[in-house]
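Asker: Sharing start.pdb below, PDB, C-alpha atoms:
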ATOM      1  CA  MET A 179      28.536   7.679   5.399
ATOM      2  CA  ILE A 180      31.258   7.640   8.081
ATOM      3  CA  GLY A 181      32.949   4.289   8.554
ATOM      4  CA  LYS A 182      35.088   2.964  11.435
ATOM      5  CA  ASN A 183      38.107   4.861  10.224
ATOM      6  CA  GLU A 184      37.228   8.561  10.339
ATOM      7  CA  PHE A 185      40.190   9.550   8.182
ATOM      8  CA  GLY A 186      39.776   6.765   5.646
ATOM      9  CA  CYS A 187      36.393   8.050   4.470
ATOM     10  CA  PHE A 188      37.005  11.739   5.083
ATOM     11  CA  LEU A 189      36.756  12.731   1.428
ATOM     12  CA  LEU A 190      33.665  10.626   0.824
ATOM     13  CA  VAL A 191      31.545  12.531   3.339
ATOM     14  CA  MET A 192      32.695  15.986   2.269
ATOM     15  CA  LYS A 193      29.830  17.694   0.478
ATOM     16  CA  TYR A 194      29.656  21.119  -1.096
ATOM     17  CA  GLN A 195      26.987  23.472  -2.355
ATOM     18  CA  ILE A 196      27.474  26.063  -5.069
ATOM     19  CA  VAL A 197      26.053  29.343  -3.770
ATOM     20  CA  ASN A 198      27.177  31.788  -6.439
ATOM     21  CA  LEU A 199      28.326  31.606 -10.045
ATOM     22  CA  VAL A 200      29.749  34.708 -11.709
ATOM     23  CA  ALA A 201      29.865  34.803 -15.502
ATOM     24  CA  SER A 202      30.655  37.298 -18.234
ATOM     25  CA  ALA A 203      28.916  37.623 -21.602
ATOM     26  CA  ASN A 204      28.535  40.088 -24.465
ATOM     27  CA  LEU A 205      25.306  41.398 -25.971
ATOM     28  CA  ASN A 206      27.199  42.445 -29.116
ATOM     29  CA  GLY A 207      26.086  46.043 -29.264
ATOM     30  CA  THR A 208      26.324  49.453 -27.596
ATOM     31  CA  LEU A 209      23.934  49.889 -24.683
ATOM     32  CA  ASP A 210      22.185  53.166 -23.952
ATOM     33  CA  LEU A 211      22.348  52.778 -20.186
ATOM     34  CA  TYR A 212      20.573  56.042 -19.388
ATOM     35  CA  ASN A 213      17.599  55.214 -21.634
ATOM     36  CA  LEU A 214      17.460  51.639 -20.307
ATOM     37  CA  ALA A 215      17.415  52.876 -16.699
ATOM     38  CA  MET A 216      14.593  55.301 -17.535
ATOM     39  CA  SER A 217      12.563  52.608 -19.316
ATOM     40  CA  ILE A 218      13.105  49.505 -17.167
ATOM     41  CA  PRO A 219      12.042  49.844 -13.483
ATOM     42  CA  ASN A 220      14.501  47.291 -12.049
ATOM     43  CA  ILE A 221      17.629  48.933 -13.472
ATOM     44  CA  GLU A 222      19.766  51.184 -11.289
ATOM     45  CA  TYR A 223      22.190  53.560 -12.976
ATOM     46  CA  GLU A 224      24.333  56.106 -11.171
ATOM     47  CA  PRO A 225      27.212  56.898 -13.551
ATOM     48  CA  GLU A 226      28.883  59.270 -11.089
ATOM     49  CA  GLN A 227      29.411  56.297  -8.739
ATOM     50  CA  PHE A 228      29.828  53.345 -11.112
ATOM     51  CA  PRO A 229      30.164  53.137 -14.920
ATOM     52  CA  GLY A 230      27.731  50.247 -15.294
ATOM     53  CA  ALA A 231      24.012  49.809 -14.715
ATOM     54  CA  ILE A 232      22.632  47.156 -12.349
ATOM     55  CA  LEU A 233      19.725  45.024 -13.511
ATOM     56  CA  LYS A 234      18.136  42.858 -10.818
ATOM     57  CA  LEU A 235      15.977  39.946 -11.916
ATOM     58  CA  ARG A 236      13.556  38.059  -9.688
ATOM     59  CA  GLU A 237      13.372  34.861 -11.728
ATOM     60  CA  PRO A 238      16.053  33.660 -11.845
ATOM     61  CA  LYS A 239      17.260  35.671  -8.865
ATOM     62  CA  VAL A 240      20.439  37.124 -10.347
ATOM     63  CA  SER A 241      22.027  40.543 -10.750
ATOM     64  CA  MET A 242      23.431  41.770 -14.044
ATOM     65  CA  LEU A 243      26.048  44.466 -14.471
ATOM     66  CA  LEU A 244      25.457  46.119 -17.847
ATOM     67  CA  PHE A 245      28.186  48.145 -19.541
ATOM     68  CA  LYS A 246      27.980  50.590 -22.410
ATOM     69  CA  ASN A 247      30.145  48.393 -24.674
ATOM     70  CA  GLY A 248      27.644  45.532 -24.387
ATOM     71  CA  LYS A 249      29.525  43.501 -21.815
ATOM     72  CA  VAL A 250      27.473  41.848 -19.088
ATOM     73  CA  ILE A 251      28.470  40.291 -15.777
ATOM     74  CA  CYS A 252      25.934  37.961 -14.189
ATOM     75  CA  SER A 253      26.234  37.140 -10.467
ATOM     76  CA  GLY A 254      24.120  35.342  -7.900
ATOM     77  CA  ALA A 255      23.321  32.302 -10.038
ATOM     78  CA  GLY A 256      23.188  28.917  -8.364
ATOM     79  CA  SER A 257      23.734  26.994 -11.590
ATOM     80  CA  GLU A 258      24.822  27.499 -15.192
ATOM     81  CA  LYS A 259      21.194  27.088 -16.230
ATOM     82  CA  GLU A 260      20.325  30.195 -14.206
ATOM     83  CA  ILE A 261      23.157  32.087 -15.927
ATOM     84  CA  GLU A 262      21.683  31.259 -19.329
ATOM     85  CA  GLN A 263      18.168  32.153 -18.197
ATOM     86  CA  GLY A 264      19.332  35.442 -16.688
ATOM     87  CA  ILE A 265      21.310  36.605 -19.713
ATOM     88  CA  ARG A 266      18.523  35.586 -22.099
ATOM     89  CA  LYS A 267      15.909  37.431 -20.037
ATOM     90  CA  ALA A 268      18.114  40.533 -19.795
ATOM     91  CA  SER A 269      18.624  40.556 -23.570
ATOM     92  CA  LYS A 270      14.849  40.343 -24.102
ATOM     93  CA  LEU A 271      14.225  43.304 -21.800
ATOM     94  CA  ILE A 272      16.920  45.348 -23.539
ATOM     95  CA  HIS A 273      15.698  44.306 -27.000
ATOM     96  CA  GLU A 274      12.300  45.827 -26.218
ATOM     97  CA  ILE A 275      13.976  49.219 -25.675
ATOM     98  CA  GLN A 276      16.859  48.816 -28.120
ATOM     99  CA  PRO A 277      15.697  46.582 -31.003
ATOM    100  CA  GLU A 278      19.208  46.481 -32.455
ATOM    101  CA  ILE A 279      20.298  44.372 -29.458
ATOM    102  CA  LYS A 280      19.396  40.829 -30.435
ATOM    103  CA  VAL A 281      17.761  38.402 -28.023
ATOM    104  CA  GLN A 282      20.354  35.853 -26.863
ATOM    105  CA  ARG A 283      18.669  32.593 -27.809
ATOM    106  CA  LYS A 284      21.897  30.601 -27.686
ATOM    107  CA  VAL A 285      23.669  32.212 -24.765
ATOM    108  CA  LYS A 286      27.464  32.329 -24.829
ATOM    109  CA  TYR A 287      29.164  33.077 -21.525
ATOM    110  CA  THR A 288      32.334  32.419 -19.532
ATOM    111  CA  VAL A 289      32.282  31.484 -15.855
ATOM    112  CA  VAL A 290      34.840  33.709 -14.112
ATOM    113  CA  ASN A 291      34.250  32.693 -10.495
ATOM    114  CA  LEU A 292      32.499  29.970  -8.563
ATOM    115  CA  VAL A 293      31.725  30.256  -4.844
ATOM    116  CA  ALA A 294      30.758  27.221  -2.799
ATOM    117  CA  THR A 295      30.316  26.179   0.816
ATOM    118  CA  ALA A 296      31.467  22.854   2.247
ATOM    119  CA  ASN A 297      31.986  21.112   5.556
ATOM    120  CA  LEU A 298      35.063  19.184   6.692
ATOM    121  CA  ASN A 299      32.968  17.496   9.412
ATOM    122  CA  GLN A 300      35.491  18.144  12.160
ATOM    123  CA  THR A 301      36.632  20.926  14.479
ATOM    124  CA  LEU A 302      39.703  22.747  13.190
ATOM    125  CA  ASP A 303      42.601  24.080  15.238
ATOM    126  CA  LEU A 304      43.218  27.183  13.149
ATOM    127  CA  PHE A 305      46.311  28.269  15.118
ATOM    128  CA  TYR A 306      47.951  24.881  14.588
ATOM    129  CA  THR A 307      46.916  24.894  10.922
ATOM    130  CA  ALA A 308      48.432  28.329  10.302
ATOM    131  CA  LEU A 309      51.666  27.405  12.102
ATOM    132  CA  ASN A 310      52.176  24.213  10.137
ATOM    133  CA  LEU A 311      51.030  25.123   6.622
ATOM    134  CA  ASP A 312      52.926  27.756   4.623
ATOM    135  CA  ASN A 313      49.933  28.789   2.521
ATOM    136  CA  VAL A 314      47.618  29.671   5.425
ATOM    137  CA  GLU A 315      46.968  33.136   6.883
ATOM    138  CA  TYR A 316      45.234  33.498  10.250
ATOM    139  CA  GLU A 317      44.687  36.785  12.077
ATOM    140  CA  PRO A 318      41.811  36.134  14.523
ATOM    141  CA  GLU A 319      41.726  39.732  15.751
ATOM    142  CA  GLN A 320      40.739  40.801  12.227
ATOM    143  CA  PHE A 321      38.737  37.826  10.929
ATOM    144  CA  PRO A 322      37.518  34.601  12.612
ATOM    145  CA  GLY A 323      38.543  32.329   9.758
ATOM    146  CA  ALA A 324      41.867  31.206   8.302
ATOM    147  CA  ILE A 325      42.675  31.755   4.639
ATOM    148  CA  LEU A 326      44.091  28.770   2.765
ATOM    149  CA  ARG A 327      45.457  29.454  -0.724
ATOM    150  CA  ILE A 328      45.895  26.549  -3.112
ATOM    151  CA  HIS A 329      47.936  27.150  -6.260
ATOM    152  CA  ASP A 330      46.861  24.146  -8.340
ATOM    153  CA  PRO A 331      44.005  24.641  -8.923
ATOM    154  CA  LYS A 332      44.173  28.343  -8.083
ATOM    155  CA  ILE A 333      41.482  28.730  -5.423
ATOM    156  CA  THR A 334      41.092  30.355  -2.015
ATOM    157  CA  LEU A 335      39.375  28.718   0.936
ATOM    158  CA  LEU A 336      38.125  30.286   4.148
ATOM    159  CA  LEU A 337      38.423  27.762   6.979
ATOM    160  CA  PHE A 338      36.398  28.117  10.171
ATOM    161  CA  LYS A 339      36.846  26.470  13.567
ATOM    162  CA  ASN A 340      33.592  24.493  13.230
ATOM    163  CA  GLY A 341      34.849  22.846  10.026
ATOM    164  CA  LYS A 342      32.866  24.973   7.613
ATOM    165  CA  VAL A 343      34.596  26.098   4.432
ATOM    166  CA  ILE A 344      33.912  28.786   1.840
ATOM    167  CA  CYS A 345      35.677  28.245  -1.467
ATOM    168  CA  ALA A 346      36.140  30.879  -4.178
ATOM    169  CA  GLY A 347      38.173  31.313  -7.335
ATOM    170  CA  ALA A 348      37.379  28.124  -9.256
ATOM    171  CA  LYS A 349      36.086  28.565 -12.801
ATOM    172  CA  LYS A 350      34.846  24.993 -13.230
ATOM    173  CA  GLU A 351      33.138  22.588 -10.862
ATOM    174  CA  GLU A 352      35.781  19.903 -11.416
ATOM    175  CA  LEU A 353      38.440  22.402 -10.262
ATOM    176  CA  LEU A 354      36.322  23.147  -7.203
ATOM    177  CA  LYS A 355      36.221  19.423  -6.362
ATOM    178  CA  LYS A 356      39.969  19.093  -6.914
ATOM    179  CA  GLY A 357      40.695  22.072  -4.677
ATOM    180  CA  LEU A 358      38.407  20.906  -1.872
ATOM    181  CA  ASN A 359      39.886  17.409  -1.958
ATOM    182  CA  LYS A 360      43.413  18.827  -1.845
ATOM    183  CA  ALA A 361      42.454  20.968   1.155
ATOM    184  CA  ALA A 362      40.868  17.950   2.846
ATOM    185  CA  LYS A 363      44.072  15.919   2.377
ATOM    186  CA  LEU A 364      46.165  18.729   3.895
ATOM    187  CA  ILE A 365      43.872  19.034   6.928
ATOM    188  CA  ARG A 366      43.685  15.270   7.321
ATOM    189  CA  ALA A 367      47.495  14.909   7.258
ATOM    190  CA  LEU A 368      47.844  17.798   9.696
ATOM    191  CA  LYS A 369      45.363  16.319  12.167
ATOM    192  CA  SER A 370      47.015  12.908  11.913
ATOM    193  CA  ASP A 371      50.417  14.515  12.575
ATOM    194  CA  LYS A 372      49.060  16.410  15.586
ATOM    195  CA  GLN A 373      47.566  13.239  17.059
ATOM    196  CA  SER A 374      50.878  11.400  16.543
ATOM    197  CA  LYS A 375      52.774  14.154  18.362
ATOM    198  CA  SER A 376      50.276  14.071  21.226
ATOM    199  CA  LEU A 377      50.689  10.293  21.501
ATOM    200  CA  ASP A 378      54.481  10.605  21.503
ATOM    201  CA  GLN A 379      54.286  13.164  24.315
ATOM    202  CA  LEU A 380      52.091  10.865  26.385
ATOM    203  CA  LEU A 381      54.440   7.940  25.851
ATOM    204  CA  SER A 382      57.475  10.019  26.822
ATOM    205  CA  GLU A 383      55.969  11.141  30.128
TER     206      GLU A 383
END
Using structure tokens, write down the structure from this file.
Answerer:
Amino acid sequence: MIGKNEFGCFLLVMKYQIVNLVASANLNGTLDLYNLAMSIPNIEYEPEQFPGAILKLREPKVSMLLFKNGKVICSGAGSEKEIEQGIRKASKLIHEIQPEIKVQRKVKYTVVNLVATANLNQTLDLFYTALNLDNVEYEPEQFPGAILRIHDPKITLLLFKNGKVICAGAKKEELLKKGLNKAAKLIRALKSDKQSKSLDQLLSE
């Protein structure tokens, strides 16, 4: 809830929503991608274009990249629970065709990327932001948003004029929170500095 001091509670009102989790796993066996694609309707396999097969699940709604060496990349999940469900379901489907591939009852995976959306609840001056922060790129003729790179934690944020933010690169939710809060502090300090300069100009006139 916004209090009297807009800047004092800026971080408290900043919310985010995880829209995509990307994770890697291993089914511990060699996959016969051609046979799987012929046997399972929702698998696409075009080896002349891409070395992996694409398995699309409806529930949970995730996509799985399957590789011959047994490696799997799951994308589109909205939570870690969906990652587990997706990998387990994929292993069951594959097990039916290749019995030597065991069903993943206790799923082991590693989150490699986390994408989230957030809102800074204010209009951003992207030109001013790019001019005053070293780690911001802004080329409006190519893309409407500014790119803010934070090194600790290592994440990338797309900033838009309406205050919306897309954050990518975090591997854990706590790192996502840390990165968003760091970005919020930078924007807050920048806006405060801009307002101070504007006040000084008015006073000097």
Asker: Using all atoms listed in the file, which of A:Ile275, A:Val293, A:Ile251, A:Leu235 sits nearest Asn198 in chain A?
Answerer: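 Result for the nearest residue to Asn198 in chain A: A:Val293.
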Asker: Once the PyMOL selection byres ((chain A and resi 326-330) around 9) is applied to the coordinates I shared, what remains selected? I want it as an NGL selection string.
Answerer: :A and (308 or 311 or 313-316 or 324-325 or 331-337 or 353 or 356-357 or 360-361)
Asker: Which neighbours of range 224-227 of chain A fall inside 10 Å, counting all atoms listed in the file, when residues of the same chain fewer than 3 positions from it are skipped, and could you give them as a list of chain:residue names?
Answerer: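 What passes the distance filter is A:Leu211, A:Tyr212, A:Ala215, A:Gly230, A:Ala231, A:Ile232.
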Asker: Where does the PyMOL selection byres ((chain A and resi 280) around 8) land in this file, that is, which residues does it pick, as a CSV table (one decimal) with C-alpha atoms, in the frame of the given file?
Answerer:
chain,number,residue,atom,x,y,z
A,205,LEU,CA,25.3,41.4,-26.0
A,269,SER,CA,18.6,40.6,-23.6
A,270,LYS,CA,14.8,40.3,-24.1
A,273,HIS,CA,15.7,44.3,-27.0
A,277,PRO,CA,15.7,46.6,-31.0
A,278,GLU,CA,19.2,46.5,-32.5
A,279,ILE,CA,20.3,44.4,-29.5
A,281,VAL,CA,17.8,38.4,-28.0
A,282,GLN,CA,20.4,35.9,-26.9
Asker: Between CA of Ile344 in chain A and CA of Lys286 in chain A, measure the distance and give it in Å to one decimal.
Answerer: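 Answer for the CA of Ile344 in chain A to CA of Lys286 in chain A separation: 27.7 Å.
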Asker: Expanded to explicit residues, what is the PyMOL selection byres ((chain A and resi 261) around 9) for this file, as a short mmCIF file (atom, residue, chain, number, x, y, z; two decimals) with C-alpha atoms, keeping the file's coordinate frame?
Answerer:
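Here's the written file result-v1.cif:
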data_model
loop_
_atom_site.label_atom_id
_atom_site.label_comp_id
_atom_site.auth_asym_id
_atom_site.auth_seq_id
_atom_site.Cartn_x
_atom_site.Cartn_y
_atom_site.Cartn_z
CA LEU A 199 28.33 31.61 -10.04
CA VAL A 200 29.75 34.71 -11.71
CA ALA A 201 29.86 34.80 -15.50
CA PRO A 238 16.05 33.66 -11.84
CA VAL A 240 20.44 37.12 -10.35
CA CYS A 252 25.93 37.96 -14.19
CA SER A 253 26.23 37.14 -10.47
CA GLY A 254 24.12 35.34 -7.90
CA ALA A 255 23.32 32.30 -10.04
CA GLY A 256 23.19 28.92 -8.36
CA SER A 257 23.73 26.99 -11.59
CA GLU A 258 24.82 27.50 -15.19
CA LYS A 259 21.19 27.09 -16.23
CA GLU A 260 20.32 30.20 -14.21
CA GLU A 262 21.68 31.26 -19.33
CA GLN A 263 18.17 32.15 -18.20
CA GLY A 264 19.33 35.44 -16.69
CA ILE A 265 21.31 36.60 -19.71
CA ARG A 266 18.52 35.59 -22.10
CA VAL A 285 23.67 32.21 -24.76
CA TYR A 287 29.16 33.08 -21.52
#
Asker: Go through A:Leu214, A:Leu302, A:Leu358, A:Leu271 one by one, measure the shortest atom-to-atom distance of each to Ala346 in chain A using only C-alpha atoms, and give the residue with the smallest value.
Answerer: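 Nearest candidate to Ala346 in chain A out of A:Leu214, A:Leu302, A:Leu358, A:Leu271: A:Leu358.
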Asker: Using only C-alpha atoms, find the one residue out of A:Lys339, A:Asn310, A:Glu319, A:Leu304 that sits nearest to Ala367 in chain A.
Answerer: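 Closest to Ala367 in chain A, using only C-alpha atoms: A:Asn310.
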Asker: Please indicate the distance in Å from CA of Pro229 in chain A to CA of Arg283 in chain A, rounded to one decimal place.
Answerer: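 Computing it gives 26.8 Å between the two atoms.
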Asker: For a quick check of understanding, using only C-alpha atoms, which of A:Lys342, A:Lys239, A:Thr288, A:Lys234 has the smallest distance to Ala203 in chain A?
Answerer: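 The answer is A:Thr288, which sits nearest to Ala203 in chain A.
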Asker: Using only C-alpha atoms, determine which residues lie at most 6 Å from Val250 in chain A, disregarding the query and same-chain residues fewer than 2 positions distant; provide the list as a ChimeraX atom specification.
Answerer: /A:202-204,243-244
Asker: Between CA of Asn291 in chain A and CA of Ile218 in chain A, what is the spacing in Å?
Answerer: 27.8 Å
Asker: Closest to Arg366 in chain A among A:Leu309, A:Leu298, A:Ala348, A:Ala268, using only C-alpha atoms?
Answerer: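 Closest to Arg366 in chain A, using only C-alpha atoms: A:Leu298.
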Asker: Once 3 Å is added on each side, what are the centre and the three edge lengths, in Å to one decimal, of the axis-aligned box enclosing the listed atoms of range 323-336 of chain A? Present them as lines of an AutoDock Vina configuration file.
Answerer:
center_x = 43.0
center_y = 28.2
center_z = 0.4
size_x = 15.8
size_y = 14.2
size_z = 24.7
Asker: If I only want range 328-361 of chain A, can you write it with C-alpha atoms, as a PDB file, in the first residue's frame?
Answerer:
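In the end it all went to result.pdb:
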ATOM      1  CA  ILE A 328      23.029  -5.833 -12.866  1.00  0.00           C
ATOM      2  CA  HIS A 329      26.214  -7.724 -12.023  1.00  0.00           C
ATOM      3  CA  ASP A 330      25.398  -8.871  -8.484  1.00  0.00           C
ATOM      4  CA  PRO A 331      23.184 -10.800  -8.830  1.00  0.00           C
ATOM      5  CA  LYS A 332      23.830 -11.323 -12.538  1.00  0.00           C
ATOM      6  CA  ILE A 333      20.473 -10.469 -14.110  1.00  0.00           C
ATOM      7  CA  THR A 334      19.156  -8.401 -17.008  1.00  0.00           C
ATOM      8  CA  LEU A 335      16.105  -6.167 -16.811  1.00  0.00           C
ATOM      9  CA  LEU A 336      14.084  -4.626 -19.617  1.00  0.00           C
ATOM     10  CA  LEU A 337      12.684  -1.280 -18.468  1.00  0.00           C
ATOM     11  CA  PHE A 338       9.708   0.321 -20.198  1.00  0.00           C
ATOM     12  CA  LYS A 339       8.415   3.894 -20.073  1.00  0.00           C
ATOM     13  CA  ASN A 340       5.200   2.851 -18.288  1.00  0.00           C
ATOM     14  CA  GLY A 341       7.208   1.347 -15.412  1.00  0.00           C
ATOM     15  CA  LYS A 342       6.852  -2.269 -16.452  1.00  0.00           C
ATOM     16  CA  VAL A 343       9.889  -4.509 -16.087  1.00  0.00           C
ATOM     17  CA  ILE A 344      10.887  -7.887 -17.503  1.00  0.00           C
ATOM     18  CA  CYS A 345      13.635  -9.634 -15.568  1.00  0.00           C
ATOM     19  CA  ALA A 346      15.693 -12.580 -16.831  1.00  0.00           C
ATOM     20  CA  GLY A 347      18.839 -14.424 -15.833  1.00  0.00           C
ATOM     21  CA  ALA A 348      18.169 -15.249 -12.178  1.00  0.00           C
ATOM     22  CA  LYS A 349      18.497 -18.902 -11.184  1.00  0.00           C
ATOM     23  CA  LYS A 350      16.762 -18.565  -7.814  1.00  0.00           C
ATOM     24  CA  GLU A 351      13.777 -16.538  -6.677  1.00  0.00           C
ATOM     25  CA  GLU A 352      15.757 -14.878  -3.881  1.00  0.00           C
ATOM     26  CA  LEU A 353      18.237 -13.610  -6.505  1.00  0.00           C
ATOM     27  CA  LEU A 354      15.317 -12.295  -8.540  1.00  0.00           C
ATOM     28  CA  LYS A 355      14.069 -10.350  -5.499  1.00  0.00           C
ATOM     29  CA  LYS A 356      17.560  -9.015  -4.795  1.00  0.00           C
ATOM     30  CA  GLY A 357      17.998  -7.886  -8.392  1.00  0.00           C
ATOM     31  CA  LEU A 358      14.600  -6.190  -8.591  1.00  0.00           C
ATOM     32  CA  ASN A 359      15.177  -4.382  -5.302  1.00  0.00           C
ATOM     33  CA  LYS A 360      18.599  -3.206  -6.473  1.00  0.00           C
ATOM     34  CA  ALA A 361      17.047  -1.909  -9.699  1.00  0.00           C
TER      35      ALA A 361
END
